[in-house]
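K.L.:
Dropping in model-v2.txt, which is compact mmCIF, C-alpha atoms:
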# COMPACT_ATOMS: atom_id res chain seq x y z
CA MET T 1 0.00 0.00 0.00
CA ASN T 2 2.76 2.40 0.92
CA SER T 3 4.80 1.75 -2.21
CA PHE T 4 1.64 2.14 -4.26
CA PHE T 5 1.12 5.56 -2.70
CA GLU T 6 4.72 6.51 -3.42
CA PHE T 7 4.42 5.42 -7.04
CA GLN T 8 1.30 7.56 -7.39
CA PHE T 9 3.09 10.45 -5.73
CA TYR T 10 5.96 10.36 -8.24
CA LEU T 11 3.51 9.93 -11.11
CA PHE T 12 1.55 13.04 -10.14
CA ALA T 13 4.76 14.98 -9.42
CA LEU T 14 6.08 14.17 -12.91
CA LEU T 15 2.71 15.05 -14.43
CA ALA T 16 2.67 18.40 -12.60
CA ILE T 17 6.18 19.38 -13.70
CA VAL T 18 5.73 18.29 -17.33
CA SER T 19 2.36 20.08 -17.54
CA ALA T 20 3.88 23.23 -16.03
CA LEU T 21 6.71 23.19 -18.57
CA LEU T 22 4.22 22.71 -21.42
CA PHE T 23 2.04 25.49 -19.95
CA VAL T 24 4.85 28.01 -19.84
CA THR T 25 6.06 27.23 -23.37
CA ARG T 26 2.71 27.53 -25.17
CA LYS T 27 2.38 30.60 -27.39
CA ASN T 28 -1.39 30.56 -27.47
CA ALA T 29 -3.30 31.45 -24.30
CA VAL T 30 -6.02 28.77 -24.57
CA PRO T 31 -3.73 25.68 -24.59
CA ALA T 32 -1.67 27.34 -21.86
CA ALA T 33 -4.79 27.64 -19.69
CA LEU T 34 -5.72 24.01 -20.34
CA TRP T 35 -2.22 22.80 -19.41
CA LEU T 36 -2.46 24.88 -16.25
CA VAL T 37 -5.73 23.07 -15.44
CA ASN T 38 -3.74 19.85 -15.85
CA VAL T 39 -1.17 21.15 -13.34
CA MET T 40 -3.99 21.92 -10.89
CA PHE T 41 -5.39 18.40 -11.20
CA ALA T 42 -1.95 16.83 -10.70
CA LEU T 43 -1.45 19.01 -7.62
CA ALA T 44 -4.81 17.84 -6.29
CA GLY T 45 -3.54 14.29 -6.64
CA LEU T 46 -0.36 15.22 -4.80
CA TYR T 47 -2.42 16.71 -1.97
CA VAL T 48 -4.35 13.45 -1.64
CA MET T 49 -1.05 11.53 -1.49
CA LEU T 50 0.11 13.92 1.26
CA ASP T 51 -2.88 13.03 3.47
CA ALA T 52 -4.88 16.13 2.56
CA PRO T 53 -7.88 14.88 0.55
CA PHE T 54 -10.03 17.83 1.67
CA VAL T 55 -7.52 20.33 0.30
CA GLY T 56 -7.32 18.26 -2.88
CA ALA T 57 -11.09 18.45 -3.32
CA ILE T 58 -11.04 22.21 -2.76
CA GLN T 59 -8.18 22.49 -5.25
CA VAL T 60 -10.25 20.80 -7.96
CA LEU T 61 -13.39 22.79 -7.11
CA VAL T 62 -11.88 26.25 -6.68
CA TYR T 63 -8.84 26.29 -8.94
CA ALA T 64 -9.65 23.90 -11.77
CA GLY T 65 -13.38 24.54 -11.53
CA ALA T 66 -13.71 28.25 -10.88
CA ILE T 67 -10.54 30.27 -11.33
CA MET T 68 -9.37 28.60 -14.55
CA VAL T 69 -12.86 28.84 -16.04
CA VAL T 70 -12.73 32.59 -15.44
CA PHE T 71 -9.32 32.72 -17.13
CA VAL T 72 -10.50 30.79 -20.19
CA PHE T 73 -13.64 32.92 -20.29
CA VAL T 74 -11.59 36.14 -20.32
CA VAL T 75 -9.29 34.74 -23.05
CA MET T 76 -12.34 33.98 -25.18
CA LEU T 77 -13.93 37.36 -24.36
CA LEU T 78 -10.83 39.27 -25.45
CA ASN T 79 -10.49 37.04 -28.54
CA LEU T 80 -6.84 36.31 -27.79
CA GLY T 81 -7.03 32.69 -28.86
CA ARG T 82 -6.02 33.36 -32.45
CA ASN T 83 -2.77 35.31 -32.26
CA GLU T 84 0.20 33.14 -33.15
CA ILE T 85 2.71 35.97 -32.71
CA SER T 86 5.28 35.09 -30.08
CA ASP T 87 5.01 37.20 -26.94
CA LEU T 88 8.46 36.28 -25.69
CA ARG T 89 10.75 39.02 -24.50
CA SER T 90 14.17 39.67 -26.09
CA LEU T 91 16.96 37.09 -26.02
CA GLY T 92 18.90 38.96 -23.32
CA ALA T 93 15.84 39.12 -21.07
CA ARG T 94 15.21 35.40 -21.62
CA LEU T 95 18.82 34.49 -20.81
CA GLY T 96 18.70 36.63 -17.68
CA ALA T 97 15.42 35.03 -16.65
CA GLY T 98 16.86 31.55 -17.19
CA LEU T 99 19.96 32.31 -15.14
CA MET T 100 17.82 33.85 -12.41
CA GLY T 101 15.56 30.81 -12.44
CA ILE T 102 18.52 28.43 -12.08
CA ALA T 103 19.96 30.53 -9.26
CA LEU T 104 16.61 30.66 -7.46
CA LEU T 105 16.09 26.91 -7.83
CA ALA T 106 19.59 26.18 -6.48
CA ASN T 107 18.94 28.57 -3.61
CA LEU T 108 15.63 26.92 -2.72
CA LEU T 109 17.02 23.40 -2.93
CA VAL T 110 20.06 24.22 -0.80
CA ALA T 111 17.86 25.96 1.76
CA GLN T 112 15.52 22.96 1.89
CA ARG T 113 18.42 20.54 2.26
CA ASN T 114 20.25 22.39 5.01
CA LYS T 115 17.83 24.52 6.98
CA LEU T 116 14.91 22.19 7.51
CA PRO T 117 14.74 20.19 10.71
CA ARG T 118 14.25 16.52 9.97
CA VAL T 119 10.95 15.64 11.59
CA ALA T 120 9.22 12.33 11.14
CA SER T 121 5.87 12.83 9.44
CA ALA T 122 2.82 12.76 11.66
CA PRO T 123 0.64 9.66 11.32
CA ALA T 124 -2.30 10.01 8.97
CA LEU T 125 -5.60 10.83 10.64
CA ASP T 126 -8.83 9.06 9.81
CA ASN T 127 -10.88 12.23 9.95
CA VAL T 128 -9.13 14.97 8.01
CA VAL T 129 -11.82 17.64 7.79
CA GLU T 130 -12.61 18.00 11.48
CA PRO T 131 -9.18 19.24 12.71
CA VAL T 132 -8.99 21.71 9.81
CA ALA T 133 -12.47 23.04 10.58
CA ALA T 134 -11.75 23.24 14.30
CA SER T 135 -8.57 25.20 13.65
CA LEU T 136 -10.26 27.42 11.07
CA PHE T 137 -13.20 28.37 13.27
CA THR T 138 -11.32 28.86 16.55
CA ASP T 139 -7.69 29.91 16.19
CA TYR T 140 -8.03 31.59 12.79
CA LEU T 141 -11.58 32.93 13.07
CA VAL T 142 -10.57 36.57 12.58
CA ALA T 143 -8.62 35.78 9.42
CA PHE T 144 -11.53 33.65 8.18
CA GLU T 145 -13.98 36.51 8.65
CA LEU T 146 -11.58 38.96 7.04
CA THR T 147 -11.37 36.79 3.91
CA SER T 148 -15.14 37.13 3.53
CA ILE T 149 -14.74 40.92 3.51
CA VAL T 150 -11.89 40.59 1.00
CA LEU T 151 -14.12 38.50 -1.27
CA LEU T 152 -16.95 41.06 -1.05
CA VAL T 153 -14.56 43.91 -1.89
CA ALA T 154 -13.11 41.88 -4.77
CA VAL T 155 -16.55 41.16 -6.24
CA VAL T 156 -17.63 44.81 -6.06
CA GLY T 157 -14.27 45.98 -7.42
CA ALA T 158 -14.33 43.49 -10.30
CA VAL T 159 -17.81 44.56 -11.36
CA LEU T 160 -16.87 48.22 -11.09
CA LEU T 161 -13.66 47.78 -13.11
CA ALA T 162 -15.07 45.56 -15.85
CA LYS T 163 -18.34 47.35 -16.56
CA LYS T 164 -18.65 49.64 -19.54
CA ARG T 165 -18.16 53.31 -18.82
CA VAL T 166 -21.37 55.28 -19.34
CA GLN T 167 -20.62 58.56 -21.07
CA PRO T 168 -22.18 61.45 -19.14
CA MET J 169 7.72 12.04 0.54
CA ILE J 170 7.88 15.45 2.23
CA ALA J 171 11.32 16.35 0.87
CA GLU J 172 10.27 15.29 -2.63
CA ALA J 173 7.12 17.41 -2.37
CA LEU J 174 9.23 20.42 -1.40
CA VAL J 175 11.51 19.84 -4.40
CA VAL J 176 8.48 19.64 -6.72
CA SER J 177 7.16 22.82 -5.14
CA ALA J 178 10.48 24.63 -5.74
CA ILE J 179 10.57 23.49 -9.38
CA LEU J 180 6.99 24.65 -10.02
CA PHE J 181 7.68 28.00 -8.36
CA VAL J 182 10.77 28.57 -10.51
CA ILE J 183 8.82 27.66 -13.67
CA GLY J 184 6.28 30.32 -12.67
CA VAL J 185 9.00 32.91 -12.03
CA VAL J 186 10.69 32.24 -15.38
CA GLY J 187 7.29 32.47 -17.09
CA VAL J 188 6.62 35.88 -15.52
CA LEU J 189 10.05 37.11 -16.58
CA THR J 190 9.95 35.87 -20.18
CA ARG J 191 6.39 36.49 -21.37
CA ARG J 192 4.59 39.70 -22.26
CA ASN J 193 0.97 38.55 -22.48
CA ALA J 194 -0.73 39.88 -19.35
CA ILE J 195 -3.09 36.88 -19.04
CA ILE J 196 -0.19 34.39 -19.25
CA LEU J 197 1.59 36.40 -16.56
CA PHE J 198 -1.46 36.07 -14.35
CA MET J 199 -1.56 32.34 -14.92
CA CYS J 200 2.13 32.10 -13.98
CA ALA J 201 1.32 33.93 -10.74
CA GLU J 202 -1.39 31.33 -10.07
CA LEU J 203 1.19 28.60 -10.69
CA MET J 204 3.49 30.18 -8.10
CA LEU J 205 0.65 30.35 -5.57
CA ASN J 206 -0.04 26.67 -6.19
CA ALA J 207 3.62 25.79 -5.66
CA VAL J 208 3.54 27.52 -2.29
CA ASN J 209 0.33 25.66 -1.43
CA LEU J 210 2.12 22.39 -2.10
CA SER J 211 4.84 23.45 0.35
CA PHE J 212 2.19 24.27 2.96
CA VAL J 213 0.56 20.87 2.56
CA ALA J 214 3.93 19.11 2.85
CA PHE J 215 4.72 21.04 6.04
CA ALA J 216 1.25 20.21 7.34
CA LYS J 217 2.12 16.54 6.96
CA MET J 218 5.34 17.20 8.87
CA HIS J 219 3.75 19.17 11.74
CA ASN J 220 -0.03 19.66 12.08
CA VAL J 221 -3.10 20.68 10.10
CA THR J 222 -2.50 24.45 10.40
CA GLY J 223 -0.92 24.29 6.96
CA HIS J 224 -4.25 23.22 5.49
CA VAL J 225 -5.88 26.33 6.98
CA PHE J 226 -3.23 28.47 5.30
CA VAL J 227 -3.86 26.72 1.99
CA ILE J 228 -7.57 27.51 2.24
CA MET J 229 -6.78 31.17 2.96
CA VAL J 230 -4.34 31.35 0.02
CA MET J 231 -6.95 29.85 -2.32
CA THR J 232 -9.56 32.39 -1.21
CA ILE J 233 -7.21 35.31 -1.75
CA ALA J 234 -6.13 33.85 -5.11
CA ALA J 235 -9.77 33.72 -6.22
CA ALA J 236 -10.29 37.36 -5.20
CA GLU J 237 -7.04 38.37 -6.90
CA ALA J 238 -7.97 36.58 -10.12
CA ALA J 239 -11.36 38.30 -10.24
CA VAL J 240 -9.92 41.79 -9.74
CA GLY J 241 -6.89 41.19 -11.97
CA LEU J 242 -8.94 39.88 -14.87
CA ALA J 243 -11.34 42.81 -14.52
CA ILE J 244 -8.33 45.15 -14.77
CA ILE J 245 -7.11 43.26 -17.85
CA ILE J 246 -10.54 43.58 -19.50
CA SER J 247 -10.50 47.29 -18.71
CA ILE J 248 -6.99 47.66 -20.18
CA PHE J 249 -8.02 45.76 -23.31
CA ARG J 250 -11.03 48.05 -23.79
CA HIS J 251 -8.81 51.12 -23.49
CA PHE J 252 -5.66 50.12 -25.39
CA GLY J 253 -6.88 47.26 -27.56
CA THR J 254 -4.05 44.96 -26.48
CA VAL J 255 -2.81 43.06 -23.44
CA ASP J 256 0.84 43.06 -24.57
CA LEU J 257 2.68 44.58 -21.65
CA SER J 258 5.48 46.02 -23.80
CA LYS J 259 2.91 48.15 -25.62
CA LEU J 260 1.48 49.62 -22.43
CA ARG J 261 3.84 52.47 -21.79
CA THR J 262 1.65 55.17 -20.33
CA LEU J 263 -0.15 55.48 -17.04
CA ARG J 264 -2.43 58.23 -18.35
CA GLY J 265 -6.02 57.05 -18.61
What is this structure when it is put down as structure tokens?
P.N.:
Amino acid sequence: MNSFFEFQFYLFALLAIVSALLFVTRKNAVPAALWLVNVMFALAGLYVMLDAPFVGAIQVLVYAGAIMVVFVFVVMLLNLGRNEISDLRSLGARLGAGLMGIALLANLLVAQRNKLPRVASAPALDNVVEPVAASLFTDYLVAFELTSIVLLVAVVGAVLLAKKRVQP
Amino acid sequence: MIAEALVVSAILFVIGVVGVLTRRNAIILFMCAELMLNAVNLSFVAFAKMHNVTGHVFVIMVMTIAAAEAAVGLAIIISIFRHFGTVDLSKLRTLRG
């Protein structure tokens, strides 16, 4: 059972990385969005393998189901799906970005290898939703309520920004 | 599995950073930002497996803020497209409305 889980973990990890690479190399916005949906699904699988099935379900519902649909909708609305012109920056900027990416990756990996305390992973719980809910509604109640205000402000702001200006 | 998850998270984050630095299409830049947020979420979940479920609470908060950010950001992009007729960031050189 454990080796099966590990095999699945590596499968989803490979899927996530390959999909992310394909996403970032697509010229057209629509295939890029669909590859990003693939990344989200692979990450949901990874969450399940890391004993977080609730977070995985939310990932599929919120990211793959809501946020990416809005992205694809905006791409269609702006009619950007047809342009085949490359939107890459100049060669110097790309080289600089690549070097910076390699440096950042090396930095992150070295930091993870050296700075992290080696702690044995906690045993998997049978009930995964209850501790999250208990923590969310007691210790982090203020932050939880504040996110509802943030969402309200975001909805009003999005409507205000995207509506057509009425000429006086 | 935790160390491997952190490595995957670092790789995804760097892919997002390189995407932001090399592309000019505003919508692709937004999607790269979403990819970076997801990479950080993966780190949070891995740390939650190492310690306790507080990481899951953080992931839920990050997802909520990401949804709000996507709504506002895409509204701004629609507004920019109406005004300038393009979402190519190299062509947007003026702040004047």
K.L.:
Show which residues sit within 9 Å of Ala13 of chain T, as a PyMOL selection string. Count only C-alpha atoms, and ignore same-chain residues fewer than 5 positions away.
P.N.:
(chain T and resi 8+18+42-43+45-46) or (chain J and resi 172-173+176)
K.L.:
Produce a file of the selected residues containing C-alpha atoms, as a compact mmCIF listing (two decimals), keeping the file's coordinate frame.
P.N.:
# COMPACT_ATOMS: atom_id res chain seq x y z
CA GLN T 8 1.30 7.56 -7.39
CA VAL T 18 5.73 18.29 -17.33
CA ALA T 42 -1.95 16.83 -10.70
CA LEU T 43 -1.45 19.01 -7.62
CA GLY T 45 -3.54 14.29 -6.64
CA LEU T 46 -0.36 15.22 -4.80
CA GLU J 172 10.27 15.29 -2.63
CA ALA J 173 7.12 17.41 -2.37
CA VAL J 176 8.48 19.64 -6.72
K.L.:
Find the residues with any atom within 10 Å of (-0.3, 32.0, -11.0); use all atoms listed in the file and the coordinates as given in the file, and write the answer as a PyMOL selection string.
P.N.:
(chain T and resi 36) or (chain J and resi 181+184-185+187-188+195-207+234+238)
K.L.:
For segment 242-255 of chain J, I'd like the enclosing box, axis-aligned and padded by 5 Å on every side, reported as lines of an AutoDock Vina configuration file with centre and edge lengths in Å to one decimal.
P.N.:
center_x = -7.1
center_y = 45.5
center_z = -21.0
size_x = 18.5
size_y = 21.2
size_z = 23.0
K.L.:
Go through T:Val24, T:Leu116, T:Val142, T:Ala111 and flag the residue nearest chain J, using all atoms listed in the file for the distances.
P.N.:
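For chain J, the nearest of the candidates is T:Val24.
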K.L.:
Please check which residues have atoms at most 12 Å from (-13.6, 41.5, -13.8) in the file's coordinates, counting all atoms listed in the file, and write them as an MDAnalysis selection string.
P.N.:
(chainID T and resid 67 70:71 73:74 77 154:164) or (chainID J and resid 235:249)
K.L.:
Hey, can you check how far atom CA of Ala216 of chain J sits from atom CA of Val150 of chain T?
P.N.:
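Answer for the atom CA of Ala216 of chain J to atom CA of Val150 of chain T separation: 25.1 Å.
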K.L.:
Quick one: pull the distance between atom CA of Lys217 of chain J and atom CA of Ala171 of chain J, Å, one decimal.
P.N.:
11.0 Å
K.L.:
Residues near Arg191 of chain J, anyone? I mean within 12 Å using only C-alpha atoms, not counting same-chain ones fewer than 5 positions away, as a ChimeraX atom specification.
P.N.:
/T:23-29,85-91,93-94,97 /J:183-186,196-200,255-258
K.L.:
Rank nothing, just name the residue among J:Leu180, J:Leu210, J:Leu189, J:Met229 nearest to Tyr140 of chain T, using all atoms listed in the file.
P.N.:
J:Met229
K.L.:
Can you work out the spacing between atom CA of Phe252 of chain J and atom CA of Thr190 of chain J in Å, to one decimal?
P.N.:
21.8 Å
K.L.:
Measuring atom to atom with only C-alpha atoms, identify which of T:Leu34, T:Leu15, T:Ala64, T:Leu50 is nearest to chain J.
P.N.:
T:Leu50
K.L.:
Identify which of the residues T:Val60, T:Val72, T:Ala134, T:Leu105 lies closest to chain J, counting all atoms listed in the file when measuring atom-to-atom distances.
P.N.:
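Closest residue, counting all atoms listed in the file: T:Leu105.
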K.L.:
Can you put N, CA and C atoms back into segment 143-167 of chain T and show it as a compact mmCIF listing (two decimals), keeping the file's coordinate frame?
P.N.:
# COMPACT_ATOMS: atom_id res chain seq x y z
N ALA T 143 -9.09 35.82 10.81
CA ALA T 143 -8.62 35.78 9.42
C ALA T 143 -9.70 35.23 8.51
N PHE T 144 -10.45 34.23 8.98
CA PHE T 144 -11.53 33.65 8.18
C PHE T 144 -12.59 34.69 7.87
N GLU T 145 -12.97 35.48 8.89
CA GLU T 145 -13.98 36.51 8.65
C GLU T 145 -13.45 37.60 7.74
N LEU T 146 -12.16 37.93 7.89
CA LEU T 146 -11.58 38.96 7.04
C LEU T 146 -11.57 38.53 5.57
N THR T 147 -11.36 37.22 5.31
CA THR T 147 -11.37 36.79 3.91
C THR T 147 -12.74 36.99 3.29
N SER T 148 -13.81 36.90 4.11
CA SER T 148 -15.14 37.13 3.53
C SER T 148 -15.28 38.59 3.10
N ILE T 149 -14.70 39.50 3.91
CA ILE T 149 -14.74 40.92 3.51
C ILE T 149 -13.92 41.13 2.25
N VAL T 150 -12.74 40.47 2.19
CA VAL T 150 -11.89 40.59 1.00
C VAL T 150 -12.64 40.12 -0.24
N LEU T 151 -13.37 39.01 -0.11
CA LEU T 151 -14.12 38.50 -1.27
C LEU T 151 -15.21 39.48 -1.69
N LEU T 152 -15.90 40.09 -0.71
CA LEU T 152 -16.95 41.06 -1.05
C LEU T 152 -16.35 42.25 -1.78
N VAL T 153 -15.22 42.77 -1.25
CA VAL T 153 -14.56 43.91 -1.89
C VAL T 153 -14.11 43.54 -3.29
N ALA T 154 -13.60 42.31 -3.46
CA ALA T 154 -13.11 41.88 -4.77
C ALA T 154 -14.26 41.79 -5.77
N VAL T 155 -15.41 41.28 -5.33
CA VAL T 155 -16.55 41.16 -6.24
C VAL T 155 -17.01 42.54 -6.68
N VAL T 156 -17.16 43.46 -5.71
CA VAL T 156 -17.63 44.81 -6.06
C VAL T 156 -16.60 45.49 -6.96
N GLY T 157 -15.31 45.34 -6.62
CA GLY T 157 -14.27 45.98 -7.42
C GLY T 157 -14.21 45.41 -8.82
N ALA T 158 -14.39 44.09 -8.96
CA ALA T 158 -14.33 43.49 -10.30
C ALA T 158 -15.47 43.98 -11.16
N VAL T 159 -16.67 44.07 -10.58
CA VAL T 159 -17.81 44.56 -11.36
C VAL T 159 -17.59 46.00 -11.76
N LEU T 160 -17.08 46.80 -10.82
CA LEU T 160 -16.87 48.22 -11.09
C LEU T 160 -15.82 48.42 -12.18
N LEU T 161 -14.73 47.60 -12.14
CA LEU T 161 -13.66 47.78 -13.11
C LEU T 161 -14.05 47.29 -14.49
N ALA T 162 -14.83 46.20 -14.56
CA ALA T 162 -15.07 45.56 -15.85
C ALA T 162 -16.29 46.10 -16.57
N LYS T 163 -17.13 46.88 -15.88
CA LYS T 163 -18.34 47.35 -16.56
C LYS T 163 -18.00 48.46 -17.56
N LYS T 164 -18.87 48.61 -18.51
CA LYS T 164 -18.65 49.64 -19.54
C LYS T 164 -18.88 51.02 -18.92
N ARG T 165 -17.99 51.94 -19.29
CA ARG T 165 -18.16 53.31 -18.82
C ARG T 165 -19.36 53.95 -19.54
N VAL T 166 -20.23 54.58 -18.75
CA VAL T 166 -21.37 55.28 -19.34
C VAL T 166 -20.96 56.72 -19.56
N GLN T 167 -21.04 57.19 -20.81
CA GLN T 167 -20.62 58.56 -21.07
C GLN T 167 -21.66 59.54 -20.51
